[in-house]
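Here is the structure we will look at.
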There are 2 protein chains.
Amino acid sequence: LYGAKLQRAGHDVHFLVRSDYEHVRERGLTIESPQGDFHLPQVQAYRRVDEMPACDVVCIALKTTQNHRLPDLLPAVTKSDGVVLVLQNGLGVEDAVARIVGPQRVIGGMCFLCSNKVGPGHIKHLDYGAITIGEYRADGSAGGVTDRMRQLADDFERAGIPMRLAEDLLTARWKKLMWNVPYNGLTVVLDCTTADIMRDPESRTLAEELMHEIAAAAAASGRTISPGFIQKMLDDTAKMVPYRTSMKVDYDERRPMEVEAIFGAPLRAAEAAGARCPRLAMLYRLLKFLDERNTRHRNG
Amino acid sequence: LYGAKLQRAGHDVHFLVRSDYEHVRERGLTIESPQGDFHLPQVQAYRRVDEMPACDVVCIALKTTQNHRLPDLLPAVTKSDGVVLVLQNGLGVEDAVARIVGPQRVIGGMCFLCSNKVGPGHIKHLDYGAITIGEYRADGSAGGVTDRMRQLADDFERAGIPMRLAEDLLTARWKKLMWNVPYNGLTVVLDCTTADIMRDPESRTLAEELMHEIAAAAAASGRTISPGFIQKMLDDTAKMVPYRTSMKVDYDERRPMEVEAIFGAPLRAAEAAGARCPRLAMLYRLLKFLDERNTRHRNG
């Protein structure tokens, strides 16, 4: 979706494509969106990084379950003065990228987006779409808003992508987890959509309790999230189009779920900071069980 | 199973039977058991309590989700000097019975039994089978071991039913919950058997964490359960025949689950006693959501 929008705005975009390569190479990309459908008949699609040029900005849209591939992918496509925008879910995902390309070349990004792939090269955008970006700092400190963040945001904004600039990447990451933990986790465990969670008083309360645990974990890590933020997120999600979360889609398609990035990493951070998150810990165990059973055919 | 064993031992047993009435009336009861299969071609089966005689001992084997029927059922079948043996799961289940027949006529009982109904009038006994009984006291105090408990246990023992006499009913109830909460709850949420829970390290640890919460709730209510008890229960369950728990059977058959008796009542008791049980609370909410969705077709 984002790559298609950037190409439509005139940028020189190169797509590393896996399973849909043949289709995208021959027929391009199709976007359905409440902001207007569009089709790009031709895109620069690649199957391997050694066929690609080095780029100024590399956007990682890979699932974190595939991060073991990053050392083979990133060096070839990143210019020596280029930046890597880590558009992934979870906590600590920038650390692995920093080890590959160096900490000064990493910007973290979070997509607030309801979107599903509905066919080969065919994206259905349902709701939202903003990206929040923040400078990565190896010591976990706030990086402030930098010129290169503003440049990057300018390019994206002109392509029709709403951008938010975060003074502190980790605060933004914790805030994003406050949505991802309850909604990704509970839609899988309860086999339902976000709307089902908000409709039932028990699951709605449980989502809220999970948010409070994440807020407490963030606070123990020195990141304060205002109480009003939780209420706004609950209200926004209740109003949202009924959504099958990305983790639910992965589970239904029997792909590995991002359990470690979204649940394991914040749980370990919370424990290291002395915060108690029993519901997060329980959700983590339930999802590990389900993920193991769901992907057993892959493991042998 | 217990009624059939008592009749086989020569007792005058009367069965109140619901859905299987015609079958049981015509063909009796069939028991498959590792202790020996047997068949009773004729049993005294009834569809309505007003056709039944008043009995010395009334065994309640009804699910707690049907307890609203007890005021219509119990008075007719209980002799004025008879006792009611409450063979139900959960906490506080004797209170409702005591309000109907008076507190001095109530004995609580817990079945440690793996058994499923596999057809009309056809019981398959898989493992275990002992019953623990204890005197009910309206004030929640320990009733000690009484003569009528010994008499009742004698009759059952001679029918081949292992009996244990509890000095304190509530201690026995909390101990039973330490199995019922993790295994009934997790087999439903994770769609699996007890063996699956014990095989996976995450679900096994979660079961153990839930047991510790129940033990803490029991301790807050003045009932001490030794730490060795948890380890023994884990070991015993790991060695047990893979079991689809009674709550899982109810869920799969789209019958209401005993969520309030097994999860709601101990949760409220824990909170009243000042114990924190976040995993129990989360499991309660997950099961309430699943139960509501699963039985929605009944509700309209």
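By convention here, the chains of the structure tokens are called A, B, ... in the order presented, each chain's residues are numbered starting at 1, and ligands are numbered starting at 1 in the order presented.
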
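Residues from chain B that have an atom within 8 Å of chain A, counting only C-alpha atoms, are B:Val189, B:Leu190, B:Asp200, B:Glu202, B:Ser203, B:Leu206, B:Pro278, B:Arg279, B:Met282, B:Arg285, B:Leu286, B:Lys288, B:Phe289, B:Leu290.
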
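Residues with any atom within 9 Å of stretch 1-9 of chain B, counting only C-alpha atoms and excluding same-chain neighbours fewer than 5 positions away, are His14, Phe15, Leu29, Thr30, Ile31, His39, Leu40, Val43, Cys59, Ser115, Ile123, Lys124, His125, Gly129, Asp155, Phe156, Arg158, Ala159, Gly160 and Ile161 of chain B.
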
Skip A:Met163 itself and residues of its chain fewer than 2 positions away, then list as a PyMOL selection string all residues within 12 Å of it, counting only C-alpha atoms.
chain A and resi 2+109-112+128-134+149-161+165-166

Take the residues that were just selected and, keeping C-alpha atoms, output them as a PDB file, in the first residue's frame.
ATOM      1  CA  TYR A   2       2.645   2.503   1.036  1.00  0.00           C
ATOM      2  CA  GLY A 109       8.021   3.304  12.275  1.00  0.00           C
ATOM      3  CA  MET A 110       4.565   2.130  13.273  1.00  0.00           C
ATOM      4  CA  CYS A 111       1.680   1.768  10.853  1.00  0.00           C
ATOM      5  CA  PHE A 112      -1.785   2.534  12.178  1.00  0.00           C
ATOM      6  CA  TYR A 128      -6.744   4.458   8.997  1.00  0.00           C
ATOM      7  CA  GLY A 129      -3.243   4.574   7.478  1.00  0.00           C
ATOM      8  CA  ALA A 130      -0.981   6.977   9.382  1.00  0.00           C
ATOM      9  CA  ILE A 131       2.636   6.142  10.149  1.00  0.00           C
ATOM     10  CA  THR A 132       4.405   7.318  13.303  1.00  0.00           C
ATOM     11  CA  ILE A 133       8.189   7.512  13.008  1.00  0.00           C
ATOM     12  CA  GLY A 134      10.925   8.059  15.576  1.00  0.00           C
ATOM     13  CA  MET A 149      12.593  12.506   9.908  1.00  0.00           C
ATOM     14  CA  ARG A 150      11.015  15.701   8.529  1.00  0.00           C
ATOM     15  CA  GLN A 151      12.350  15.003   5.014  1.00  0.00           C
ATOM     16  CA  LEU A 152      11.046  11.463   5.101  1.00  0.00           C
ATOM     17  CA  ALA A 153       7.666  12.617   6.434  1.00  0.00           C
ATOM     18  CA  ASP A 154       7.442  15.263   3.683  1.00  0.00           C
ATOM     19  CA  ASP A 155       7.890  12.652   0.961  1.00  0.00           C
ATOM     20  CA  PHE A 156       5.322  10.345   2.512  1.00  0.00           C
ATOM     21  CA  GLU A 157       2.814  13.128   3.209  1.00  0.00           C
ATOM     22  CA  ARG A 158       2.979  14.266  -0.423  1.00  0.00           C
ATOM     23  CA  ALA A 159       2.194  10.683  -1.403  1.00  0.00           C
ATOM     24  CA  GLY A 160      -0.995  10.845   0.669  1.00  0.00           C
ATOM     25  CA  ILE A 161       0.305   9.050   3.740  1.00  0.00           C
ATOM     26  CA  LEU A 165       6.795  12.561  14.197  1.00  0.00           C
ATOM     27  CA  ALA A 166       7.575  11.047  17.607  1.00  0.00           C
TER      28      ALA A 166
END

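Atom to atom, atom CA of B:Ile214 and atom CA of B:His68 stand 26.9 Å apart.
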
Exercise: stretch 246-256 of chain A partners within 7 Å, only C-alpha atoms, chain neighbours under 4 positions left out, as a ChimeraX atom specification
/A:65,184,187-188,291,294-295

Which residue gives the smallest distance to B:Asp37 among B:Arg296, B:His23, B:His122, B:His212, with only C-alpha atoms counted?
B:His122

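The two atoms in question, atom CA of A:Thr78 and atom CA of A:Leu177, are spaced 28.0 Å apart.
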
If you count only C-alpha atoms, which residues fall within 7 Å of B:Ala261, apart from same-chain ones fewer than 3 positions away, as a ChimeraX atom specification?
/B:64,89-91,258,264-265

As a ChimeraX atom specification, please: every residue in stretch 36-285 of chain A that a backbone DSSP assignment puts in strand (DSSP E or B).
/A:38-40,44-46,55-60,78-87,106-119,122-135,163-165

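Here the question is which of B:Ser19, B:Ser33, B:Gln42, B:Gln88 gets nearest to B:Asn116 using only C-alpha atoms, and that residue is B:Ser33.
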
Got a sec: who's within 8 Å of A:Ile230, counting only C-alpha atoms, leaving out chain neighbours fewer than 2 positions off, as a list in words?
Met178, Glu208, Met211, His212, Ser226, Pro227, Gly228, Lys232, Met233 and Leu234 of chain A

Dump of C-alpha atoms for the selected residues, as an mmCIF file, in the first residue's frame:
data_model
loop_
_atom_site.group_PDB
_atom_site.id
_atom_site.type_symbol
_atom_site.label_atom_id
_atom_site.label_comp_id
_atom_site.auth_asym_id
_atom_site.auth_seq_id
_atom_site.Cartn_x
_atom_site.Cartn_y
_atom_site.Cartn_z
ATOM 1 C CA MET A 178 -1.444 -0.988 23.898
ATOM 2 C CA GLU A 208 -8.941 -2.587 28.889
ATOM 3 C CA MET A 211 -4.028 -1.923 28.208
ATOM 4 C CA HIS A 212 -3.553 -0.933 31.853
ATOM 5 C CA SER A 226 -1.839 9.348 29.963
ATOM 6 C CA PRO A 227 -4.979 7.552 31.248
ATOM 7 C CA GLY A 228 -7.073 9.346 28.615
ATOM 8 C CA LYS A 232 -9.621 7.093 23.381
ATOM 9 C CA MET A 233 -8.230 3.834 21.999
ATOM 10 C CA LEU A 234 -11.230 1.861 23.263
#

May I have the residues within 9 Å of A:Val241 as a PyMOL selection string, using only C-alpha atoms and disregarding those fewer than 6 positions away in the same chain?
chain A and resi 114+126-127+194-195

Write a file of the just-selected residues containing all heavy atoms, as a CSV table (one decimal), in the first residue's frame.
chain,number,residue,atom,x,y,z
A,114,CYS,N,-5.6,-0.5,8.9
A,114,CYS,CA,-6.3,-1.7,8.8
A,114,CYS,C,-6.3,-2.0,7.3
A,114,CYS,O,-6.9,-1.3,6.5
A,114,CYS,CB,-7.8,-1.5,9.2
A,114,CYS,SG,-7.9,-1.1,11.0
A,126,LEU,N,-8.7,-0.8,4.5
A,126,LEU,CA,-10.0,-0.7,5.1
A,126,LEU,C,-10.2,0.6,5.9
A,126,LEU,O,-11.3,1.3,5.8
A,126,LEU,CB,-10.3,-1.8,6.1
A,126,LEU,CG,-10.3,-3.2,5.5
A,126,LEU,CD1,-10.1,-4.3,6.5
A,126,LEU,CD2,-11.6,-3.5,4.7
A,127,ASP,N,-9.2,1.0,6.6
A,127,ASP,CA,-9.4,2.1,7.5
A,127,ASP,C,-8.0,2.6,8.0
A,127,ASP,O,-7.0,1.9,7.9
A,127,ASP,CB,-10.2,1.7,8.7
A,127,ASP,CG,-11.1,2.8,9.3
A,127,ASP,OD1,-10.9,4.0,8.9
A,127,ASP,OD2,-12.0,2.5,10.1
A,194,THR,N,-12.2,-7.4,16.0
A,194,THR,CA,-12.2,-6.3,16.9
A,194,THR,C,-13.6,-5.9,17.4
A,194,THR,O,-13.8,-5.6,18.6
A,194,THR,CB,-11.4,-5.1,16.4
A,194,THR,OG1,-12.1,-4.7,15.1
A,194,THR,CG2,-10.0,-5.4,16.1
A,195,ALA,N,-14.5,-5.9,16.5
A,195,ALA,CA,-15.9,-5.5,16.8
A,195,ALA,C,-16.5,-6.5,17.9
A,195,ALA,O,-17.2,-6.0,18.8
A,195,ALA,CB,-16.8,-5.4,15.6
